[in-house]
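Student: My structure is below; once you've seen it, I'll send some questions.
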Amino acid sequence: MSRIGNSPITLLEKVNVSENSGTVTVEGPKGSLNYTLPPGIGYQLEEGVITLSRSSDSKQDKSFHGTARSLVNAMVEGVANGFTKNLEIRGVGLRAALKGRVLELSLGRSHPINHPVPEGITVTVEESTKIKVEGIDKQLVGQVSADIRAYYPPEPYKGKGIRYVDEYVRRKAGKSVK
């Protein structure tokens, strides 16, 4: 029994959901998203509540049931409210700037790193050390944030690098002089 897959999805205000031959389309004030349901997963919309069901108890259908429900729920939340990830840059001389649809990162290397911003994602830079990634697709927002962080992950000795705002970095003691 899938606890996640069986739980219903309550539609938020101003969100419309339609299904056409296995493809679920969610439209809201921030945009629209599509998702093709895996074979064996059924879809029902009744009175503003979406329920997903599986056709059999096979291992594959069970594994897709909860995943499909989570993805549709993220789509409903994304088109209504959107998703945000906040990053910060720590370190002397490390900074970011937005030039059109390209995020330019100066991370102490001999050249700046240019990261293109994909369609559907909005990136804003405040104070040259705070980066905000916003969008309606939860997976894409998380992936873009992870890609930016991967250029200079926080190091454990001085704590320099790019980190999420709420991330805790465990610090190590440096070499001790005797």
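Each chain of the structure tokens is named A, B, ... in the order shown, its residues numbered from 1; ligands are numbered from 1 in display order.
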Need to verify the contact set: Ser7 in chain A, 9 Å, only C-alpha atoms, exclusion of same-chain residues closer than 2 positions in sequence. Can you return it as a PDB file with C-alpha atoms, in the first residue's frame?

Tutor:
```pdb
ATOM      1  CA  SER A   2       1.417   3.333  -1.049  1.00  0.00           C
ATOM      2  CA  ARG A   3       0.725   6.008   1.522  1.00  0.00           C
ATOM      3  CA  ILE A   4       2.018   8.761  -0.738  1.00  0.00           C
ATOM      4  CA  GLY A   5       0.356   7.467  -3.891  1.00  0.00           C
ATOM      5  CA  ILE A   9      -4.120  16.161  -4.192  1.00  0.00           C
ATOM      6  CA  THR A  51      -6.479  10.919  -7.064  1.00  0.00           C
ATOM      7  CA  LEU A  52      -4.017   8.648  -8.804  1.00  0.00           C
ATOM      8  CA  ARG A  69       1.537  11.543  -7.326  1.00  0.00           C
TER       9      ARG A  69
END
```

Student: As an MDAnalysis selection string, which residues of chain A does DSSP assign to strand (DSSP E or B)?

Tutor: chainID A and resid 9:10 16:20 23:28 31:36 41:46 49:54 83:90 95:99 102:106 113:116 121:126 130:135 161:164

Student: Write down as a PyMOL selection string the residues of range 101-150 of chain A whose backbone DSSP state falls under alpha helix (DSSP H).

Tutor: chain A and resi 138-150

Student: Restricted to N, CA, C and O atoms, what would the selected residues look like written as a compact mmCIF listing (two decimals), in the first residue's frame?

Tutor:
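Written out: again_16.txt:
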```txt
# COMPACT_ATOMS: atom_id res chain seq x y z
N LYS A 138 9.78 22.42 -10.13
CA LYS A 138 10.57 22.14 -8.93
C LYS A 138 11.90 21.47 -9.28
O LYS A 138 12.95 21.83 -8.73
N GLN A 139 11.87 20.53 -10.19
CA GLN A 139 13.09 19.82 -10.56
C GLN A 139 14.09 20.76 -11.23
O GLN A 139 15.29 20.73 -10.94
N LEU A 140 13.62 21.61 -12.12
CA LEU A 140 14.51 22.52 -12.84
C LEU A 140 15.12 23.57 -11.91
O LEU A 140 16.31 23.88 -12.02
N VAL A 141 14.34 24.08 -10.97
CA VAL A 141 14.87 25.05 -10.00
C VAL A 141 15.97 24.40 -9.16
O VAL A 141 17.04 24.97 -8.95
N GLY A 142 15.72 23.19 -8.69
CA GLY A 142 16.73 22.48 -7.89
C GLY A 142 17.98 22.14 -8.68
O GLY A 142 19.10 22.24 -8.17
N GLN A 143 17.81 21.76 -9.96
CA GLN A 143 18.96 21.40 -10.79
C GLN A 143 19.82 22.62 -11.11
O GLN A 143 21.05 22.54 -11.04
N VAL A 144 19.20 23.74 -11.44
CA VAL A 144 19.96 24.95 -11.74
C VAL A 144 20.71 25.41 -10.49
O VAL A 144 21.89 25.78 -10.56
N SER A 145 20.06 25.34 -9.33
CA SER A 145 20.73 25.73 -8.07
C SER A 145 21.91 24.81 -7.78
O SER A 145 22.97 25.27 -7.37
N ALA A 146 21.73 23.52 -8.00
CA ALA A 146 22.82 22.56 -7.75
C ALA A 146 23.97 22.77 -8.72
O ALA A 146 25.14 22.63 -8.35
N ASP A 147 23.65 23.12 -9.98
CA ASP A 147 24.71 23.37 -10.96
C ASP A 147 25.52 24.60 -10.59
O ASP A 147 26.75 24.60 -10.71
N ILE A 148 24.86 25.65 -10.12
CA ILE A 148 25.57 26.86 -9.70
C ILE A 148 26.43 26.57 -8.49
O ILE A 148 27.60 26.97 -8.42
N ARG A 149 25.89 25.83 -7.52
CA ARG A 149 26.64 25.49 -6.31
C ARG A 149 27.86 24.63 -6.63
O ARG A 149 28.89 24.71 -5.98
N ALA A 150 27.75 23.79 -7.66
CA ALA A 150 28.83 22.85 -8.00
C ALA A 150 30.09 23.55 -8.52
O ALA A 150 31.17 22.94 -8.52
```

Student: Between A:Ala96, A:Ile162, A:Val177, A:Val17, which is the closest to Ala80 in chain A once you count only C-alpha atoms?

Tutor: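 Of A:Ala96, A:Ile162, A:Val177, A:Val17, the one nearest Ala80 in chain A is A:Val17, counting only C-alpha atoms.
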
Student: Select, from A:Val76, A:Tyr157, A:Tyr152, A:Leu12, the residue with the minimum atom-to-atom distance to Ala173 in chain A, counting only C-alpha atoms.

Tutor: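 Looking at the shortest contact to Ala173 in chain A, the residue is A:Tyr157.
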
Student: Using only C-alpha atoms for the distances, tell me which of A:Lys130, A:Lys30, A:Arg109, A:Lys99 is nearest to Gly82 in chain A.

Tutor: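 Of A:Lys130, A:Lys30, A:Arg109, A:Lys99, the one nearest Gly82 in chain A, counting only C-alpha atoms, is A:Lys30.
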
Student: Out of A:Ile41, A:Ala97, A:Ala68, A:Val133, which residue has the shortest atom-to-atom distance to Asn114 in chain A when counting only C-alpha atoms?

Tutor: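 Ranking A:Ile41, A:Ala97, A:Ala68, A:Val133 by distance to Asn114 in chain A, first place goes to A:Ala97.
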
Student: Determine, counting only C-alpha atoms, which protein, DNA and RNA residues have an atom within 10 Å of an atom of Tyr168 in chain A; residues of the same chain fewer than 4 positions away are not included. Present the result as an NGL selection string.

Tutor: :A and (154 or 159 or 163-164)

Student: I need the residues from that last selection saved to file as a PDB file, in the first residue's frame (with N, CA, C and O atoms), if you can.

Tutor:
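The result, written out as selection16.pdb:
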```pdb
ATOM      1  N   PRO A 154      31.091  24.725  -0.828  1.00  0.00           N
ATOM      2  CA  PRO A 154      31.745  25.254   0.368  1.00  0.00           C
ATOM      3  C   PRO A 154      32.822  24.309   0.880  1.00  0.00           C
ATOM      4  O   PRO A 154      32.611  23.112   0.966  1.00  0.00           O
ATOM      5  N   GLY A 159      35.264  27.855   4.987  1.00  0.00           N
ATOM      6  CA  GLY A 159      33.856  28.040   4.702  1.00  0.00           C
ATOM      7  C   GLY A 159      33.588  28.824   3.432  1.00  0.00           C
ATOM      8  O   GLY A 159      32.464  29.239   3.184  1.00  0.00           O
ATOM      9  N   ARG A 163      26.929  28.325  -1.227  1.00  0.00           N
ATOM     10  CA  ARG A 163      26.108  27.440  -0.399  1.00  0.00           C
ATOM     11  C   ARG A 163      24.669  27.906  -0.417  1.00  0.00           C
ATOM     12  O   ARG A 163      24.370  29.039  -0.762  1.00  0.00           O
ATOM     13  N   TYR A 164      23.770  26.982  -0.064  1.00  0.00           N
ATOM     14  CA  TYR A 164      22.373  27.362   0.132  1.00  0.00           C
ATOM     15  C   TYR A 164      22.291  28.207   1.393  1.00  0.00           C
ATOM     16  O   TYR A 164      23.097  28.056   2.313  1.00  0.00           O
TER      17      TYR A 164
END
```

Student: In Å, with one decimal, what is the gap from CA of Phe64 in chain A to CA of Gly120 in chain A?

Tutor: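 If I compute the distance from CA of Phe64 in chain A to CA of Gly120 in chain A, I get 26.1 Å.
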